[in-house]
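**Q** The structure's right below; bear with me while I get my questions together.
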2 protein chains.
Amino acid sequence: MTEAPISMGRRERNKRAKLERIVAAASALFAERGADDVTTQQIADAADIGTGTLFLYAKTKGELLLLVQNAHYEEALERGRAAADGIGDPVDALMAIIRPVVECNRVQVDNGRTYLREMVFGDPTEPRHAEALEIALRTESALAAVIARRPEISEADAAVLARVASSVMFLTMAAGVNATADTETLLADIRTQISVLTRRGE
Amino acid sequence: MTEAPISMGRRERNKRAKLERIVAAASALFAERGADDVTTQQIADAADIGTGTLFLYAKTKGELLLLVQNAHYEEALERGRAAADGIGDPVDALMAIIRPVVECNRVQVDNGRTYLREMVFGDPTEPRHAEALEIALRTESALAAVIARRPEISEADAAVLARVASSVMFLTMAAGVNATADTETLLADIRTQISVLTRRGE
DNA sequence: TGTCATTAGTGACTCCACTCATAACTGAGC
DNA sequence: GCTCAGTTATGAGTGGAGTCACTAATGACA
């Protein structure tokens, strides 16, 4: 992640250090109090930079949340992908991918939901949004790979079903009704929906 | 809609008139310029009321949008439900329900997407949000009814599949990637997903 | 009609995300 | 070193959603 190109100028080094301070500050404050209860001022102060400087590194507060959470999401996906390898039953394998993602998203419910909101409604041309979307696409691919294990399902159908499955996952996590539900309830709910998708016609 | 209980006090009448002026003003301004480019001040001015008064009738700007759009959504659902009755093919029937909803949502893309955002992420205890959610539930029921026409699908499965189908519909409308897509493209996209859902196992 | 508790209306104000004119810094060329 | 074009940093300022302490209106009752 933190690659260090052989000898970079003071300028570059300074920029990097500042970005790191920003991520550290935002990460800590968001985790502690939830994104809604943290002001950009507080983040700037904690990172020891001016207000305007913050917005040089993240165009919006939302992007700041993506900046912090993308890494966690990515890691969760990797864990899930690995876990799914050893599992034969298709629904179990799909859930093995989904579980860490949901757990990660639910570490702090409000932040998780805000993250999803940004993902869907944020400006997709912003680099951090694009990154989040790209991880979501990889999640879909991982699901598709599992679905396509079954010989009776074509690659094309598997891709579409994976898309549907990830829609189900995202909306179940985002839904206001589920805001107070615990992770296991959510997972059970998702499993019900995924099961019907895959079961149909057996 | 505008029921008039036999003789109500001046107070009640005044409140109603004010609400109507607010809805009219918000409706016109939102349609003309898009919700993001209209300030609550402008709505208050157009409705000829004070700033604070506006928030007596709608707790947030988002709620104001729901107030305006819920009626359209409801009407679209009714049209779709009626259209679906005469259609034999299951996917065609589902799409008959979905089409007017998508068309209605896309009259003004930004407003449509903001409406969806409010629906999912807004405070579900607010009456207007609750109303929107209730219409969404009825949409789901309508879809479930069509899916359940097929004898080989249980009522329970039909309900779950309907939920999945409406997730697909909502996320396809909301997705940032589709923000610039036209209505027919969206509908085709939704149809692809719904088809696979229903086709599976035939 | 006058009193009064309750409900509705108000706009100056607060809070916060984000901007922008200006200043400071960096490093390449000399 | 010195200059200067480009880049980065800054915080006072701006715009807009939402609040609140206060005022006005209403109607129930005497």
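Identifiers for the structure tokens are assigned positionally: chains receive A, B, ... in sequence, residues are indexed from 1 per chain, and ligands are indexed from 1 in the order shown.
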Select from chain A every residue with an atom at most 7 Å from any atom of chain B, then for each give the shortest pair of atoms and their distance in Å to one decimal, using only C-alpha atoms, rows by chain and rising number, as a tab-separated table.

**A**
```
residue	atom	partner	partner_atom	distance
A:Val120	CA	B:Ala175	CA	5.4
A:Phe121	CA	B:Gly176	CA	5.8
A:Pro124	CA	B:Gly176	CA	6.3
A:Asp157	CA	B:Val196	CA	6.6
A:Val160	CA	B:Gln193	CA	6.1
A:Val164	CA	B:Val168	CA	6.4
A:Ser167	CA	B:Val168	CA	6.3
A:Val168	CA	B:Ser167	CA	6.3
A:Leu171	CA	B:Ser167	CA	6.6
A:Ala174	CA	B:Val120	CA	6.8
A:Ala175	CA	B:Val120	CA	5.4
A:Gly176	CA	B:Val120	CA	5.7
A:Gln193	CA	B:Val160	CA	6.1
A:Val196	CA	B:Asp157	CA	6.6
A:Leu197	CA	B:Leu197	CA	6.5
A:Arg200	CA	B:Arg200	CA	6.0
A:Gly201	CA	B:Gly201	CA	3.8
A:Glu202	CA	B:Gly201	CA	6.7
```

**Q** Keeping N, CA and C atoms for every residue in the selection just given, could you write it to a file as a short mmCIF file (atom, residue, chain, number, x, y, z; two decimals), in the first residue's frame?

**A**
```cif
data_model
loop_
_atom_site.label_atom_id
_atom_site.label_comp_id
_atom_site.auth_asym_id
_atom_site.auth_seq_id
_atom_site.Cartn_x
_atom_site.Cartn_y
_atom_site.Cartn_z
N VAL A 120 -23.59 4.79 -3.68
CA VAL A 120 -24.66 4.79 -4.67
C VAL A 120 -24.93 6.19 -5.22
N PHE A 121 -24.92 7.18 -4.32
CA PHE A 121 -25.36 8.51 -4.74
C PHE A 121 -24.23 9.52 -4.91
N PRO A 124 -19.58 9.49 -9.13
CA PRO A 124 -18.77 8.32 -9.50
C PRO A 124 -17.47 8.67 -10.21
N ASP A 157 -25.79 -16.07 -17.12
CA ASP A 157 -26.79 -16.08 -16.05
C ASP A 157 -26.12 -15.88 -14.69
N VAL A 160 -25.44 -12.24 -14.11
CA VAL A 160 -26.65 -11.49 -13.77
C VAL A 160 -27.11 -11.83 -12.36
N VAL A 164 -27.68 -9.42 -9.07
CA VAL A 164 -28.89 -9.39 -8.25
C VAL A 164 -28.54 -9.66 -6.79
N SER A 167 -27.07 -6.66 -5.23
CA SER A 167 -28.13 -5.67 -4.97
C SER A 167 -28.83 -6.00 -3.66
N VAL A 168 -29.16 -7.28 -3.51
CA VAL A 168 -29.84 -7.73 -2.30
C VAL A 168 -28.99 -7.42 -1.08
N LEU A 171 -28.85 -3.45 -0.50
CA LEU A 171 -30.09 -2.85 -0.03
C LEU A 171 -30.47 -3.35 1.36
N ALA A 174 -28.45 -1.33 3.66
CA ALA A 174 -28.77 0.09 3.66
C ALA A 174 -30.14 0.41 4.24
N ALA A 175 -31.10 -0.49 4.07
CA ALA A 175 -32.49 -0.20 4.42
C ALA A 175 -32.66 0.39 5.81
N GLY A 176 -33.45 1.45 5.85
CA GLY A 176 -33.71 2.12 7.12
C GLY A 176 -34.36 1.19 8.13
N GLN A 193 -33.00 -14.56 0.96
CA GLN A 193 -33.19 -14.06 -0.40
C GLN A 193 -32.28 -14.78 -1.39
N VAL A 196 -33.43 -18.41 -2.27
CA VAL A 196 -34.52 -18.53 -3.25
C VAL A 196 -33.98 -18.31 -4.66
N LEU A 197 -33.08 -17.35 -4.78
CA LEU A 197 -32.45 -17.08 -6.08
C LEU A 197 -31.81 -18.33 -6.65
N ARG A 200 -34.32 -21.83 -6.89
CA ARG A 200 -35.36 -21.88 -7.90
C ARG A 200 -35.09 -22.94 -8.96
N GLY A 201 -36.03 -23.89 -9.06
CA GLY A 201 -35.98 -24.87 -10.13
C GLY A 201 -35.17 -26.12 -9.84
N GLU A 202 -34.86 -26.33 -8.55
CA GLU A 202 -34.14 -27.57 -8.26
C GLU A 202 -35.12 -28.69 -8.05
#
```

**Q** Would you mind aligning chain A to chain B, a least-squares fit over all C-alpha atoms taken in order, and returning the superposed chain as a PDB file with C-alpha atoms, in the first residue's frame?

**A**
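The result, written out as selection-v1.pdb:
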```
ATOM      1  CA  MET A   1     -57.479  13.151  -1.363  1.00  0.00           C
ATOM      2  CA  THR A   2     -58.769  16.562  -0.276  1.00  0.00           C
ATOM      3  CA  GLU A   3     -61.580  15.428   1.981  1.00  0.00           C
ATOM      4  CA  ALA A   4     -63.450  18.276   3.683  1.00  0.00           C
ATOM      5  CA  PRO A   5     -64.847  17.252   7.074  1.00  0.00           C
ATOM      6  CA  ILE A   6     -68.129  19.070   7.547  1.00  0.00           C
ATOM      7  CA  SER A   7     -67.247  22.493   8.836  1.00  0.00           C
ATOM      8  CA  MET A   8     -63.761  22.792  10.257  1.00  0.00           C
ATOM      9  CA  GLY A   9     -62.460  25.748  12.194  1.00  0.00           C
ATOM     10  CA  ARG A  10     -60.612  28.625  10.636  1.00  0.00           C
ATOM     11  CA  ARG A  11     -57.488  27.198  12.177  1.00  0.00           C
ATOM     12  CA  GLU A  12     -57.762  23.867  10.386  1.00  0.00           C
ATOM     13  CA  ARG A  13     -58.717  25.511   7.116  1.00  0.00           C
ATOM     14  CA  ASN A  14     -55.742  27.847   7.323  1.00  0.00           C
ATOM     15  CA  LYS A  15     -53.355  24.992   7.968  1.00  0.00           C
ATOM     16  CA  ARG A  16     -54.677  23.105   5.014  1.00  0.00           C
ATOM     17  CA  ALA A  17     -54.442  26.080   2.702  1.00  0.00           C
ATOM     18  CA  LYS A  18     -50.862  26.660   3.789  1.00  0.00           C
ATOM     19  CA  LEU A  19     -49.919  23.034   3.211  1.00  0.00           C
ATOM     20  CA  GLU A  20     -51.440  23.250  -0.240  1.00  0.00           C
ATOM     21  CA  ARG A  21     -49.488  26.385  -1.052  1.00  0.00           C
ATOM     22  CA  ILE A  22     -46.315  24.723   0.136  1.00  0.00           C
ATOM     23  CA  VAL A  23     -46.880  21.635  -1.969  1.00  0.00           C
ATOM     24  CA  ALA A  24     -47.731  23.748  -4.993  1.00  0.00           C
ATOM     25  CA  ALA A  25     -44.655  25.935  -4.570  1.00  0.00           C
ATOM     26  CA  ALA A  26     -42.287  23.054  -3.912  1.00  0.00           C
ATOM     27  CA  SER A  27     -43.752  21.021  -6.737  1.00  0.00           C
ATOM     28  CA  ALA A  28     -43.314  23.795  -9.265  1.00  0.00           C
ATOM     29  CA  LEU A  29     -39.828  24.784  -8.169  1.00  0.00           C
ATOM     30  CA  PHE A  30     -38.519  21.225  -7.905  1.00  0.00           C
ATOM     31  CA  ALA A  31     -39.874  20.377 -11.339  1.00  0.00           C
ATOM     32  CA  GLU A  32     -38.461  23.516 -12.866  1.00  0.00           C
ATOM     33  CA  ARG A  33     -34.956  23.550 -11.456  1.00  0.00           C
ATOM     34  CA  GLY A  34     -34.399  20.263  -9.620  1.00  0.00           C
ATOM     35  CA  ALA A  35     -34.456  19.883  -5.841  1.00  0.00           C
ATOM     36  CA  ASP A  36     -30.735  20.602  -5.414  1.00  0.00           C
ATOM     37  CA  ASP A  37     -31.000  23.976  -7.092  1.00  0.00           C
ATOM     38  CA  VAL A  38     -33.905  25.201  -5.037  1.00  0.00           C
ATOM     39  CA  THR A  39     -33.426  26.645  -1.552  1.00  0.00           C
ATOM     40  CA  THR A  40     -35.920  26.258   1.248  1.00  0.00           C
ATOM     41  CA  GLN A  41     -36.052  30.056   1.331  1.00  0.00           C
ATOM     42  CA  GLN A  42     -37.277  30.177  -2.240  1.00  0.00           C
ATOM     43  CA  ILE A  43     -39.975  27.644  -1.462  1.00  0.00           C
ATOM     44  CA  ALA A  44     -41.035  29.574   1.631  1.00  0.00           C
ATOM     45  CA  ASP A  45     -41.130  32.814  -0.368  1.00  0.00           C
ATOM     46  CA  ALA A  46     -43.104  31.222  -3.196  1.00  0.00           C
ATOM     47  CA  ALA A  47     -45.572  29.799  -0.690  1.00  0.00           C
ATOM     48  CA  ASP A  48     -45.646  33.194   1.030  1.00  0.00           C
ATOM     49  CA  ILE A  49     -44.753  31.910   4.487  1.00  0.00           C
ATOM     50  CA  GLY A  50     -41.841  32.407   6.881  1.00  0.00           C
ATOM     51  CA  THR A  51     -38.760  30.215   6.806  1.00  0.00           C
ATOM     52  CA  GLY A  52     -39.557  28.579  10.098  1.00  0.00           C
ATOM     53  CA  THR A  53     -43.121  27.862   9.075  1.00  0.00           C
ATOM     54  CA  LEU A  54     -41.941  25.657   6.223  1.00  0.00           C
ATOM     55  CA  PHE A  55     -40.278  23.344   8.710  1.00  0.00           C
ATOM     56  CA  LEU A  56     -43.489  23.090  10.672  1.00  0.00           C
ATOM     57  CA  TYR A  57     -44.996  21.290   7.699  1.00  0.00           C
ATOM     58  CA  ALA A  58     -41.960  19.268   6.620  1.00  0.00           C
ATOM     59  CA  LYS A  59     -39.159  18.471   9.029  1.00  0.00           C
ATOM     60  CA  THR A  60     -36.527  18.452   6.290  1.00  0.00           C
ATOM     61  CA  LYS A  61     -36.104  19.474   2.684  1.00  0.00           C
ATOM     62  CA  GLY A  62     -36.066  15.786   1.806  1.00  0.00           C
ATOM     63  CA  GLU A  63     -39.457  15.297   3.354  1.00  0.00           C
ATOM     64  CA  LEU A  64     -40.708  18.086   1.147  1.00  0.00           C
ATOM     65  CA  LEU A  65     -39.639  16.114  -1.901  1.00  0.00           C
ATOM     66  CA  LEU A  66     -41.391  13.003  -0.612  1.00  0.00           C
ATOM     67  CA  LEU A  67     -44.496  15.082   0.040  1.00  0.00           C
ATOM     68  CA  VAL A  68     -44.524  16.103  -3.610  1.00  0.00           C
ATOM     69  CA  GLN A  69     -43.480  12.802  -5.181  1.00  0.00           C
ATOM     70  CA  ASN A  70     -45.402  10.243  -3.131  1.00  0.00           C
ATOM     71  CA  ALA A  71     -48.611  11.099  -4.921  1.00  0.00           C
ATOM     72  CA  HIS A  72     -47.002  10.559  -8.344  1.00  0.00           C
ATOM     73  CA  TYR A  73     -45.450   7.283  -7.253  1.00  0.00           C
ATOM     74  CA  GLU A  74     -48.754   6.042  -5.906  1.00  0.00           C
ATOM     75  CA  GLU A  75     -50.527   6.896  -9.117  1.00  0.00           C
ATOM     76  CA  ALA A  76     -47.829   5.196 -11.198  1.00  0.00           C
ATOM     77  CA  LEU A  77     -48.208   2.044  -9.145  1.00  0.00           C
ATOM     78  CA  GLU A  78     -51.946   2.013  -9.708  1.00  0.00           C
ATOM     79  CA  ARG A  79     -51.504   2.382 -13.452  1.00  0.00           C
ATOM     80  CA  GLY A  80     -48.970  -0.426 -13.524  1.00  0.00           C
ATOM     81  CA  ARG A  81     -51.083  -2.721 -11.425  1.00  0.00           C
ATOM     82  CA  ALA A  82     -53.997  -2.222 -13.788  1.00  0.00           C
ATOM     83  CA  ALA A  83     -51.861  -2.782 -16.878  1.00  0.00           C
ATOM     84  CA  ALA A  84     -50.438  -6.020 -15.494  1.00  0.00           C
ATOM     85  CA  ASP A  85     -53.883  -7.601 -15.152  1.00  0.00           C
ATOM     86  CA  GLY A  86     -54.329  -8.165 -18.840  1.00  0.00           C
ATOM     87  CA  ILE A  87     -50.893  -9.637 -19.465  1.00  0.00           C
ATOM     88  CA  GLY A  88     -50.251 -13.356 -19.528  1.00  0.00           C
ATOM     89  CA  ASP A  89     -46.477 -13.649 -19.766  1.00  0.00           C
ATOM     90  CA  PRO A  90     -45.059 -13.315 -16.254  1.00  0.00           C
ATOM     91  CA  VAL A  91     -42.033 -11.184 -17.142  1.00  0.00           C
ATOM     92  CA  ASP A  92     -44.147  -8.904 -19.307  1.00  0.00           C
ATOM     93  CA  ALA A  93     -46.635  -8.558 -16.479  1.00  0.00           C
ATOM     94  CA  LEU A  94     -43.905  -7.698 -13.975  1.00  0.00           C
ATOM     95  CA  MET A  95     -42.477  -5.148 -16.374  1.00  0.00           C
ATOM     96  CA  ALA A  96     -45.936  -3.661 -16.848  1.00  0.00           C
ATOM     97  CA  ILE A  97     -45.936  -2.853 -13.136  1.00  0.00           C
ATOM     98  CA  ILE A  98     -42.363  -1.640 -13.118  1.00  0.00           C
ATOM     99  CA  ARG A  99     -42.490   0.539 -16.226  1.00  0.00           C
ATOM    100  CA  PRO A 100     -44.725   3.343 -14.947  1.00  0.00           C
ATOM    101  CA  VAL A 101     -42.815   3.457 -11.683  1.00  0.00           C
ATOM    102  CA  VAL A 102     -39.495   3.862 -13.467  1.00  0.00           C
ATOM    103  CA  GLU A 103     -40.948   6.368 -15.923  1.00  0.00           C
ATOM    104  CA  CYS A 104     -42.396   8.375 -13.065  1.00  0.00           C
ATOM    105  CA  ASN A 105     -39.138   8.290 -11.172  1.00  0.00           C
ATOM    106  CA  ARG A 106     -37.244   9.439 -14.235  1.00  0.00           C
ATOM    107  CA  VAL A 107     -39.334  12.457 -15.163  1.00  0.00           C
ATOM    108  CA  GLN A 108     -36.475  14.432 -13.610  1.00  0.00           C
ATOM    109  CA  VAL A 109     -33.497  12.168 -12.978  1.00  0.00           C
ATOM    110  CA  ASP A 110     -31.929  14.086 -10.073  1.00  0.00           C
ATOM    111  CA  ASN A 111     -35.199  14.411  -8.229  1.00  0.00           C
ATOM    112  CA  GLY A 112     -35.931  10.750  -8.816  1.00  0.00           C
ATOM    113  CA  ARG A 113     -32.604   9.677  -7.409  1.00  0.00           C
ATOM    114  CA  THR A 114     -32.912  12.047  -4.457  1.00  0.00           C
ATOM    115  CA  TYR A 115     -36.338  10.584  -3.773  1.00  0.00           C
ATOM    116  CA  LEU A 116     -34.864   7.094  -3.649  1.00  0.00           C
ATOM    117  CA  ARG A 117     -32.051   8.270  -1.420  1.00  0.00           C
ATOM    118  CA  GLU A 118     -34.526   9.767   1.006  1.00  0.00           C
ATOM    119  CA  MET A 119     -36.593   6.615   0.950  1.00  0.00           C
ATOM    120  CA  VAL A 120     -33.703   4.373   1.883  1.00  0.00           C
ATOM    121  CA  PHE A 121     -31.685   6.647   4.142  1.00  0.00           C
ATOM    122  CA  GLY A 122     -34.262   9.046   5.523  1.00  0.00           C
ATOM    123  CA  ASP A 123     -35.819   8.767   8.959  1.00  0.00           C
ATOM    124  CA  PRO A 124     -38.459   6.037   8.598  1.00  0.00           C
ATOM    125  CA  THR A 125     -40.456   7.356  11.533  1.00  0.00           C
ATOM    126  CA  GLU A 126     -41.321  10.550   9.656  1.00  0.00           C
ATOM    127  CA  PRO A 127     -44.857  10.278   8.233  1.00  0.00           C
ATOM    128  CA  ARG A 128     -43.884  11.080   4.635  1.00  0.00           C
ATOM    129  CA  HIS A 129     -41.089   8.554   4.684  1.00  0.00           C
ATOM    130  CA  ALA A 130     -43.427   5.988   6.158  1.00  0.00           C
ATOM    131  CA  GLU A 131     -45.886   6.728   3.371  1.00  0.00           C
ATOM    132  CA  ALA A 132     -43.214   6.234   0.716  1.00  0.00           C
ATOM    133  CA  LEU A 133     -42.128   2.978   2.308  1.00  0.00           C
ATOM    134  CA  GLU A 134     -45.712   1.812   2.411  1.00  0.00           C
ATOM    135  CA  ILE A 135     -46.132   2.443  -1.319  1.00  0.00           C
ATOM    136  CA  ALA A 136     -42.911   0.533  -1.907  1.00  0.00           C
ATOM    137  CA  LEU A 137     -44.375  -2.354   0.075  1.00  0.00           C
ATOM    138  CA  ARG A 138     -47.515  -2.272  -2.049  1.00  0.00           C
ATOM    139  CA  THR A 139     -45.323  -2.343  -5.149  1.00  0.00           C
ATOM    140  CA  GLU A 140     -43.728  -5.459  -3.756  1.00  0.00           C
ATOM    141  CA  SER A 141     -47.131  -7.020  -3.115  1.00  0.00           C
ATOM    142  CA  ALA A 142     -48.204  -6.284  -6.666  1.00  0.00           C
ATOM    143  CA  LEU A 143     -45.082  -7.987  -7.975  1.00  0.00           C
ATOM    144  CA  ALA A 144     -45.615 -10.918  -5.618  1.00  0.00           C
ATOM    145  CA  ALA A 145     -49.163 -11.376  -6.866  1.00  0.00           C
ATOM    146  CA  VAL A 146     -47.946 -11.697 -10.440  1.00  0.00           C
ATOM    147  CA  ILE A 147     -45.137 -14.063  -9.530  1.00  0.00           C
ATOM    148  CA  ALA A 148     -47.505 -16.226  -7.516  1.00  0.00           C
ATOM    149  CA  ARG A 149     -49.715 -16.760 -10.540  1.00  0.00           C
ATOM    150  CA  ARG A 150     -47.399 -19.602 -11.458  1.00  0.00           C
ATOM    151  CA  PRO A 151     -48.547 -22.702  -9.643  1.00  0.00           C
ATOM    152  CA  GLU A 152     -45.039 -24.121  -9.205  1.00  0.00           C
ATOM    153  CA  ILE A 153     -43.967 -21.142  -7.077  1.00  0.00           C
ATOM    154  CA  SER A 154     -45.082 -21.102  -3.454  1.00  0.00           C
ATOM    155  CA  GLU A 155     -46.583 -17.974  -1.930  1.00  0.00           C
ATOM    156  CA  ALA A 156     -43.587 -17.656   0.369  1.00  0.00           C
ATOM    157  CA  ASP A 157     -41.087 -17.889  -2.482  1.00  0.00           C
ATOM    158  CA  ALA A 158     -43.121 -15.431  -4.514  1.00  0.00           C
ATOM    159  CA  ALA A 159     -42.954 -12.913  -1.678  1.00  0.00           C
ATOM    160  CA  VAL A 160     -39.187 -13.262  -1.395  1.00  0.00           C
ATOM    161  CA  LEU A 161     -38.712 -13.043  -5.156  1.00  0.00           C
ATOM    162  CA  ALA A 162     -40.868  -9.919  -5.237  1.00  0.00           C
ATOM    163  CA  ARG A 163     -38.641  -8.379  -2.623  1.00  0.00           C
ATOM    164  CA  VAL A 164     -35.594  -9.231  -4.679  1.00  0.00           C
ATOM    165  CA  ALA A 165     -37.237  -7.855  -7.809  1.00  0.00           C
ATOM    166  CA  SER A 166     -38.008  -4.549  -6.142  1.00  0.00           C
ATOM    167  CA  SER A 167     -34.451  -4.347  -4.818  1.00  0.00           C
ATOM    168  CA  VAL A 168     -33.285  -4.762  -8.389  1.00  0.00           C
ATOM    169  CA  MET A 169     -35.661  -2.069  -9.586  1.00  0.00           C
ATOM    170  CA  PHE A 170     -34.652   0.431  -6.910  1.00  0.00           C
ATOM    171  CA  LEU A 171     -30.927  -0.081  -7.168  1.00  0.00           C
ATOM    172  CA  THR A 172     -30.995   0.084 -10.947  1.00  0.00           C
ATOM    173  CA  MET A 173     -32.816   3.410 -10.752  1.00  0.00           C
ATOM    174  CA  ALA A 174     -30.534   4.735  -8.028  1.00  0.00           C
ATOM    175  CA  ALA A 175     -27.129   3.610  -9.295  1.00  0.00           C
ATOM    176  CA  GLY A 176     -24.776   6.425 -10.121  1.00  0.00           C
ATOM    177  CA  VAL A 177     -23.615   4.584 -13.214  1.00  0.00           C
ATOM    178  CA  ASN A 178     -27.149   4.786 -14.588  1.00  0.00           C
ATOM    179  CA  ALA A 179     -27.595   8.469 -13.811  1.00  0.00           C
ATOM    180  CA  THR A 180     -27.171   9.398 -17.435  1.00  0.00           C
ATOM    181  CA  ALA A 181     -28.963   6.376 -18.905  1.00  0.00           C
ATOM    182  CA  ASP A 182     -32.367   6.867 -20.501  1.00  0.00           C
ATOM    183  CA  THR A 183     -35.525   5.189 -19.253  1.00  0.00           C
ATOM    184  CA  GLU A 184     -35.665   2.478 -21.901  1.00  0.00           C
ATOM    185  CA  THR A 185     -32.110   1.387 -21.179  1.00  0.00           C
ATOM    186  CA  LEU A 186     -32.949   1.152 -17.515  1.00  0.00           C
ATOM    187  CA  LEU A 187     -36.056  -0.873 -18.221  1.00  0.00           C
ATOM    188  CA  ALA A 188     -34.126  -3.245 -20.468  1.00  0.00           C
ATOM    189  CA  ASP A 189     -31.541  -3.639 -17.742  1.00  0.00           C
ATOM    190  CA  ILE A 190     -34.179  -4.402 -15.131  1.00  0.00           C
ATOM    191  CA  ARG A 191     -35.876  -6.829 -17.478  1.00  0.00           C
ATOM    192  CA  THR A 192     -32.672  -8.779 -17.950  1.00  0.00           C
ATOM    193  CA  GLN A 193     -32.310  -9.224 -14.228  1.00  0.00           C
ATOM    194  CA  ILE A 194     -35.957 -10.052 -13.595  1.00  0.00           C
ATOM    195  CA  SER A 195     -35.964 -12.555 -16.435  1.00  0.00           C
ATOM    196  CA  VAL A 196     -33.147 -14.568 -14.956  1.00  0.00           C
ATOM    197  CA  LEU A 197     -34.895 -14.544 -11.591  1.00  0.00           C
ATOM    198  CA  THR A 198     -38.068 -15.944 -13.032  1.00  0.00           C
ATOM    199  CA  ARG A 199     -36.599 -18.078 -15.769  1.00  0.00           C
ATOM    200  CA  ARG A 200     -34.259 -20.077 -13.538  1.00  0.00           C
ATOM    201  CA  GLY A 201     -35.119 -23.757 -13.743  1.00  0.00           C
ATOM    202  CA  GLU A 202     -37.545 -23.781 -16.613  1.00  0.00           C
TER     203      GLU A 202
END
```

**Q** With a cut-off of 10 Å and counting only C-alpha atoms (C1' of nucleotides), select all residues of chain C in contact with chain B and give the selection as a list in words.

**A**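 Therefore, the residues near the partner are DT7, DA8, DG9, DT10 and DG11 of chain C.
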
**Q** I need the chosen residues saved as a tab-separated table (two decimals), in the first residue's frame, with C-alpha atoms (C1' of nucleotides).

**A**
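Final file, result00.tsv:
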```tsv
chain	number	residue	atom	x	y	z
C	7	DT	C1'	-51.57	26.20	18.89
C	8	DA	C1'	-49.36	28.27	14.81
C	9	DG	C1'	-46.12	31.57	12.68
C	10	DT	C1'	-41.88	34.02	12.40
C	11	DG	C1'	-37.15	35.59	11.02
```

**Q** Given the choices D:DG27, D:DG6, D:DG11, D:DG16, which gets closest to chain A if the distance is worked out from only C-alpha atoms (C1' of nucleotides)?

**A** D:DG11

**Q** Going by DSSP on the backbone, which bits of chain B are helix (DSSP H, G or I)? Write them as an MDAnalysis selection string, please.

**A** chainID B and resid 10:33 35:37 40:46 51:57 61:85 90:105 109:121 127:147 155:174 176:178 183:199

**Q** Report as a list in words the set of chain D residues whose atoms approach chain B to within 10 Å, with distances computed over only C-alpha atoms (C1' of nucleotides).

**A**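 Listing them in order of chain and number gives DG15, DG16, DA17, DG18, DT19, DC20, DA25, DT26 and DG27 of chain D.
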
**Q** Please compute the atom C1' of D:DC4-atom C1' of C:DG29 distance, one decimal, in Å.

**A**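 Pair atom C1' of D:DC4 / atom C1' of C:DG29 returns 9.6 Å.
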
**Q** Enter the distance from atom C1' of D:DT10 to atom C1' of C:DG27, in Å, rounded to one decimal.

**A**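 We find that atom C1' of D:DT10 and atom C1' of C:DG27 lie 21.4 Å from each other.
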